[in-house]
$ cat entry_2.pdb   # PDB, C-alpha atoms
MODEL        1
ATOM      1  CA  MET A   1     -41.726 -23.943 -71.354
ATOM      2  CA  GLY A   2     -43.046 -24.847 -67.975
ATOM      3  CA  LYS A   3     -41.645 -23.701 -64.691
ATOM      4  CA  LYS A   4     -38.895 -25.942 -63.270
ATOM      5  CA  TYR A   5     -39.227 -27.047 -59.683
ATOM      6  CA  ARG A   6     -36.127 -27.835 -57.690
ATOM      7  CA  LEU A   7     -35.996 -30.387 -54.909
ATOM      8  CA  ASN A   8     -35.675 -28.676 -51.572
ATOM      9  CA  PRO A   9     -33.011 -30.566 -49.547
ATOM     10  CA  TRP A  10     -34.231 -28.957 -46.310
ATOM     11  CA  LEU A  11     -37.676 -30.423 -46.873
ATOM     12  CA  GLU A  12     -36.127 -33.882 -47.315
ATOM     13  CA  ILE A  13     -34.139 -33.456 -44.084
ATOM     14  CA  GLN A  14     -37.331 -32.435 -42.276
ATOM     15  CA  ASN A  15     -39.088 -35.566 -43.618
ATOM     16  CA  MET A  16     -36.224 -37.753 -42.352
ATOM     17  CA  LYS A  17     -36.345 -36.013 -38.963
ATOM     18  CA  GLU A  18     -40.088 -36.681 -38.686
ATOM     19  CA  GLU A  19     -39.597 -40.356 -39.624
ATOM     20  CA  ILE A  20     -36.837 -40.776 -37.022
ATOM     21  CA  GLY A  21     -39.083 -39.113 -34.439
ATOM     22  CA  ARG A  22     -41.930 -41.483 -35.293
ATOM     23  CA  ILE A  23     -39.649 -44.488 -34.893
ATOM     24  CA  MET A  24     -38.325 -43.222 -31.561
ATOM     25  CA  GLU A  25     -41.881 -42.629 -30.283
ATOM     26  CA  GLU A  26     -42.696 -46.300 -30.876
ATOM     27  CA  GLY A  27     -40.740 -46.992 -27.691
ATOM     28  CA  THR A  28     -38.078 -49.515 -26.871
ATOM     29  CA  GLY A  29     -40.251 -52.648 -27.047
ATOM     30  CA  GLN A  30     -38.311 -55.050 -29.245
ATOM     31  CA  ASP A  31     -40.545 -56.192 -32.084
ATOM     32  CA  ARG A  32     -38.756 -58.630 -34.378
ATOM     33  CA  ALA A  33     -40.038 -57.127 -37.633
ATOM     34  CA  ARG A  34     -39.248 -53.622 -36.399
ATOM     35  CA  CYS A  35     -35.717 -54.604 -35.338
ATOM     36  CA  ASP A  36     -35.049 -56.227 -38.684
ATOM     37  CA  ARG A  37     -36.447 -53.277 -40.602
ATOM     38  CA  ILE A  38     -34.526 -50.481 -38.856
ATOM     39  CA  ALA A  39     -31.426 -52.212 -37.482
ATOM     40  CA  ASN A  40     -28.315 -50.037 -37.517
ATOM     41  CA  PHE A  41     -25.830 -52.828 -36.931
ATOM     42  CA  LYS A  42     -25.283 -56.557 -36.470
ATOM     43  CA  PRO A  43     -23.410 -57.591 -33.329
ATOM     44  CA  VAL A  44     -20.577 -60.069 -33.830
ATOM     45  CA  ALA A  45     -21.119 -63.672 -32.773
ATOM     46  CA  ASP A  46     -19.435 -67.050 -32.435
ATOM     47  CA  VAL A  47     -21.365 -70.277 -33.088
ATOM     48  CA  TYR A  48     -20.119 -73.598 -31.726
ATOM     49  CA  ALA A  49     -21.558 -77.057 -32.442
ATOM     50  CA  GLY A  50     -20.962 -79.480 -29.590
ATOM     51  CA  VAL A  51     -22.075 -83.082 -29.217
ATOM     52  CA  GLU A  52     -24.994 -82.291 -26.891
ATOM     53  CA  ASN A  53     -25.802 -78.683 -27.840
ATOM     54  CA  TYR A  54     -25.075 -75.679 -30.005
ATOM     55  CA  MET A  55     -23.692 -72.539 -28.383
ATOM     56  CA  ILE A  56     -24.081 -69.022 -29.744
ATOM     57  CA  ARG A  57     -22.177 -66.164 -28.095
ATOM     58  CA  VAL A  58     -23.063 -62.616 -29.112
ATOM     59  CA  GLU A  59     -21.006 -59.575 -28.066
ATOM     60  CA  LEU A  60     -23.275 -56.906 -26.551
ATOM     61  CA  PRO A  61     -21.038 -54.802 -24.279
ATOM     62  CA  GLY A  62     -22.750 -52.321 -22.012
ATOM     63  CA  LEU A  63     -26.231 -53.824 -22.364
ATOM     64  CA  ALA A  64     -28.424 -55.252 -19.623
ATOM     65  CA  PRO A  65     -30.349 -58.475 -20.318
ATOM     66  CA  ASP A  66     -33.657 -56.585 -20.434
ATOM     67  CA  ALA A  67     -32.356 -54.494 -23.386
ATOM     68  CA  VAL A  68     -32.090 -57.633 -25.536
ATOM     69  CA  SER A  69     -34.876 -59.732 -27.007
ATOM     70  CA  LEU A  70     -34.596 -63.350 -28.203
ATOM     71  CA  GLU A  71     -37.275 -65.042 -30.236
ATOM     72  CA  ILE A  72     -37.594 -68.277 -32.177
ATOM     73  CA  SER A  73     -39.946 -68.648 -35.099
ATOM     74  CA  SER A  74     -39.887 -71.823 -37.187
ATOM     75  CA  ASN A  75     -36.172 -72.607 -37.467
ATOM     76  CA  THR A  76     -34.829 -69.078 -36.956
ATOM     77  CA  LEU A  77     -33.441 -67.519 -33.763
ATOM     78  CA  ALA A  78     -33.570 -63.712 -33.757
ATOM     79  CA  VAL A  79     -31.548 -61.505 -31.400
ATOM     80  CA  CYS A  80     -32.540 -57.840 -31.355
ATOM     81  CA  GLY A  81     -32.460 -54.790 -29.139
ATOM     82  CA  GLU A  82     -31.095 -51.307 -28.864
ATOM     83  CA  ARG A  83     -27.894 -49.692 -27.597
ATOM     84  CA  ARG A  84     -28.533 -46.039 -26.821
ATOM     85  CA  LEU A  85     -25.941 -43.314 -27.059
ATOM     86  CA  GLU A  86     -25.287 -41.822 -23.633
ATOM     87  CA  LYS A  87     -25.334 -38.034 -23.657
ATOM     88  CA  ASP A  88     -22.749 -36.087 -21.705
ATOM     89  CA  ALA A  89     -24.603 -33.866 -19.223
ATOM     90  CA  SER A  90     -21.658 -31.450 -18.959
ATOM     91  CA  GLY A  91     -22.180 -30.202 -22.514
ATOM     92  CA  GLY A  92     -19.054 -31.798 -23.988
ATOM     93  CA  ALA A  93     -18.833 -33.080 -27.542
ATOM     94  CA  TYR A  94     -17.557 -36.426 -28.805
ATOM     95  CA  GLN A  95     -14.208 -36.247 -30.586
ATOM     96  CA  ILE A  96     -14.287 -39.871 -31.774
ATOM     97  CA  LEU A  97     -17.380 -42.095 -31.925
ATOM     98  CA  GLU A  98     -16.517 -45.629 -33.094
ATOM     99  CA  ARG A  99     -18.935 -47.892 -31.222
ATOM    100  CA  SER A 100     -22.231 -48.860 -32.867
ATOM    101  CA  TYR A 101     -25.470 -47.426 -31.469
ATOM    102  CA  GLY A 102     -29.152 -47.785 -32.224
ATOM    103  CA  MET A 103     -31.220 -50.844 -33.039
ATOM    104  CA  PHE A 104     -29.408 -54.109 -33.722
ATOM    105  CA  TYR A 105     -30.603 -57.366 -35.222
ATOM    106  CA  ARG A 106     -29.025 -60.747 -35.817
ATOM    107  CA  GLU A 107     -30.619 -63.931 -37.139
ATOM    108  CA  PHE A 108     -29.414 -67.521 -36.882
ATOM    109  CA  VAL A 109     -30.956 -70.374 -38.850
ATOM    110  CA  LEU A 110     -31.220 -73.377 -36.549
ATOM    111  CA  PRO A 111     -30.573 -76.938 -37.695
ATOM    112  CA  GLU A 112     -33.371 -79.500 -37.569
ATOM    113  CA  ASP A 113     -31.914 -81.333 -34.549
ATOM    114  CA  VAL A 114     -32.663 -78.696 -31.883
ATOM    115  CA  LEU A 115     -35.156 -78.639 -29.005
ATOM    116  CA  SER A 116     -36.390 -75.039 -29.013
ATOM    117  CA  GLU A 117     -38.164 -75.433 -25.660
ATOM    118  CA  GLY A 118     -34.829 -76.325 -24.030
ATOM    119  CA  ILE A 119     -32.951 -73.194 -25.125
ATOM    120  CA  THR A 120     -31.414 -71.156 -22.318
ATOM    121  CA  ALA A 121     -29.732 -67.765 -22.416
ATOM    122  CA  SER A 122     -27.536 -65.859 -19.984
ATOM    123  CA  MET A 123     -25.523 -62.673 -20.125
ATOM    124  CA  GLU A 124     -22.180 -62.084 -18.431
ATOM    125  CA  GLN A 125     -19.603 -59.330 -18.991
ATOM    126  CA  GLY A 126     -21.327 -58.105 -22.153
ATOM    127  CA  VAL A 127     -21.544 -61.517 -23.818
ATOM    128  CA  LEU A 128     -24.928 -63.115 -24.476
ATOM    129  CA  SER A 129     -24.595 -66.926 -24.336
ATOM    130  CA  ILE A 130     -27.363 -69.022 -25.873
ATOM    131  CA  ARG A 131     -27.331 -72.801 -25.300
ATOM    132  CA  ILE A 132     -29.420 -74.831 -27.747
ATOM    133  CA  PRO A 133     -29.912 -78.551 -26.985
ATOM    134  CA  ARG A 134     -29.443 -80.920 -29.916
ATOM    135  CA  ILE A 135     -32.729 -82.856 -30.037
ATOM    136  CA  HIS A 136     -35.333 -82.739 -32.808
ATOM    137  CA  SER A 137     -38.215 -80.339 -32.107
ATOM    138  CA  GLY A 138     -41.570 -79.532 -33.627
ATOM    139  CA  PRO A 139     -42.626 -76.306 -35.327
ATOM    140  CA  GLY A 140     -43.838 -73.172 -33.552
ATOM    141  CA  GLY A 141     -42.497 -70.033 -31.964
ATOM    142  CA  VAL A 142     -40.914 -69.821 -28.520
ATOM    143  CA  ARG A 143     -39.879 -66.712 -26.593
ATOM    144  CA  ILE A 144     -36.652 -66.989 -24.542
ATOM    145  CA  GLU A 145     -35.929 -65.107 -21.323
ATOM    146  CA  ILE A 146     -32.335 -63.971 -20.559
ATOM    147  CA  ASP A 147     -31.042 -64.680 -17.056
ATOM    148  CA  ALA A 148     -28.674 -62.150 -15.479
ATOM    149  CA  GLU A 149     -25.743 -63.691 -13.655
TER     150      GLU A 149
ENDMDL
END
$ encode --input "entry_2.pdb" --output "structure tokens"
Amino acid sequence: MGKKYRLNPWLEIQNMKEEIGRIMEEGTGQDRARCDRIANFKPVADVYAGVENYMIRVELPGLAPDAVSLEISSNTLAVCGERRLEKDASGGAYQILERSYGMFYREFVLPEDVLSEGITASMEQGVLSIRIPRIHSGPGGVRIEIDAE
């Protein structure tokens, strides 16, 4: 009989550590495919359909507008970014950790009656508000800037 080899769990942990390190070294630039691939959570959102526009509100407490990326491709609006865990400089340890941290990603399929060039976004008190005018638009991708209020 041949020699049996056992899986070394420490080697697997080391491989995971190296993969996490590689991902972290890629920086904080929000790339849509990257966000989708490694997202840790989906922020909650409300979607409202008005007569003149659609409104999407996404809860992102504690984030600045430059930590969030919005992108439209075809008929899909993607919201992605990263919420980093703040380390306590005094050396304390968390007793309870309930908020979500890491990369987030959320996708919304847009109806055919939207004008993607007219989309505006603003962020106030941790809520990202995206206004989407209801007029038919053509295909193509559009990048959306977030205004701080």
$ resolve_selection --input "entry_2.pdb" --expression "the PyMOL selection byres ((chain A and resi 44-54) around 6)" --output "list in words"
Pro43, Met55, Ile56, Arg57, Val58, Glu59, Arg131, Ile132, Pro133 and Arg134 of chain A
$ atom_distance --input "entry_2.pdb" --atom1 "CA of Ser73 in chain A" --atom2 "CA of Arg106 in chain A"
13.5 Å
$ closest_residue --input "entry_2.pdb" --among "A:Gly126, A:Pro111, A:Gly92, A:Gly102" --to "Ser74 in chain A" --atoms "all atoms listed in the file"
A:Pro111
$ atom_distance --input "entry_2.pdb" --atom1 "CA of Phe41 in chain A" --atom2 "CA of Glu82 in chain A"
9.8 Å
$ closest_residue --input "entry_2.pdb" --among "A:Ile72, A:Ile96, A:Ile135, A:Val127" --to "Val109 in chain A" --atoms "all atoms listed in the file"
A:Ile72
$ closest_residue --input "entry_2.pdb" --among "A:Glu71, A:Glu149, A:Cys80, A:Met103" --to "Glu117 in chain A" --atoms "all atoms listed in the file"
A:Glu71
$ atom_distance --input "entry_2.pdb" --atom1 "CA of Arg83 in chain A" --atom2 "CA of Leu128 in chain A"
14.1 Å
$ closest_residue --input "entry_2.pdb" --among "A:Ile130, A:Met16, A:Ala39, A:Met123" --to "Asp66 in chain A" --atoms "all atoms listed in the file"
A:Met123
$ closest_residue --input "entry_2.pdb" --among "A:Gln95, A:Ser100, A:Leu63, A:Ile144" --to "Ala78 in chain A" --atoms "all atoms listed in the file"
A:Ile144
$ axis_aligned_box --input "entry_2.pdb" --around "range 42-52 of chain A" --padding-each-side "8 Å" --output "AutoDock Vina command-line options"
--center_x -22.4 --center_y -69.8 --center_z -31.7 --size_x 21.8 --size_y 42.5 --size_z 25.6
$ residues_near_point --input "entry_2.pdb" --point "(-32.7, -59.9, -24.0)" --cutoff "9 Å" --atoms "all atoms listed in the file" --output "MDAnalysis selection string"
chainID A and resid 64:70 79:81 121:123 128 144:147
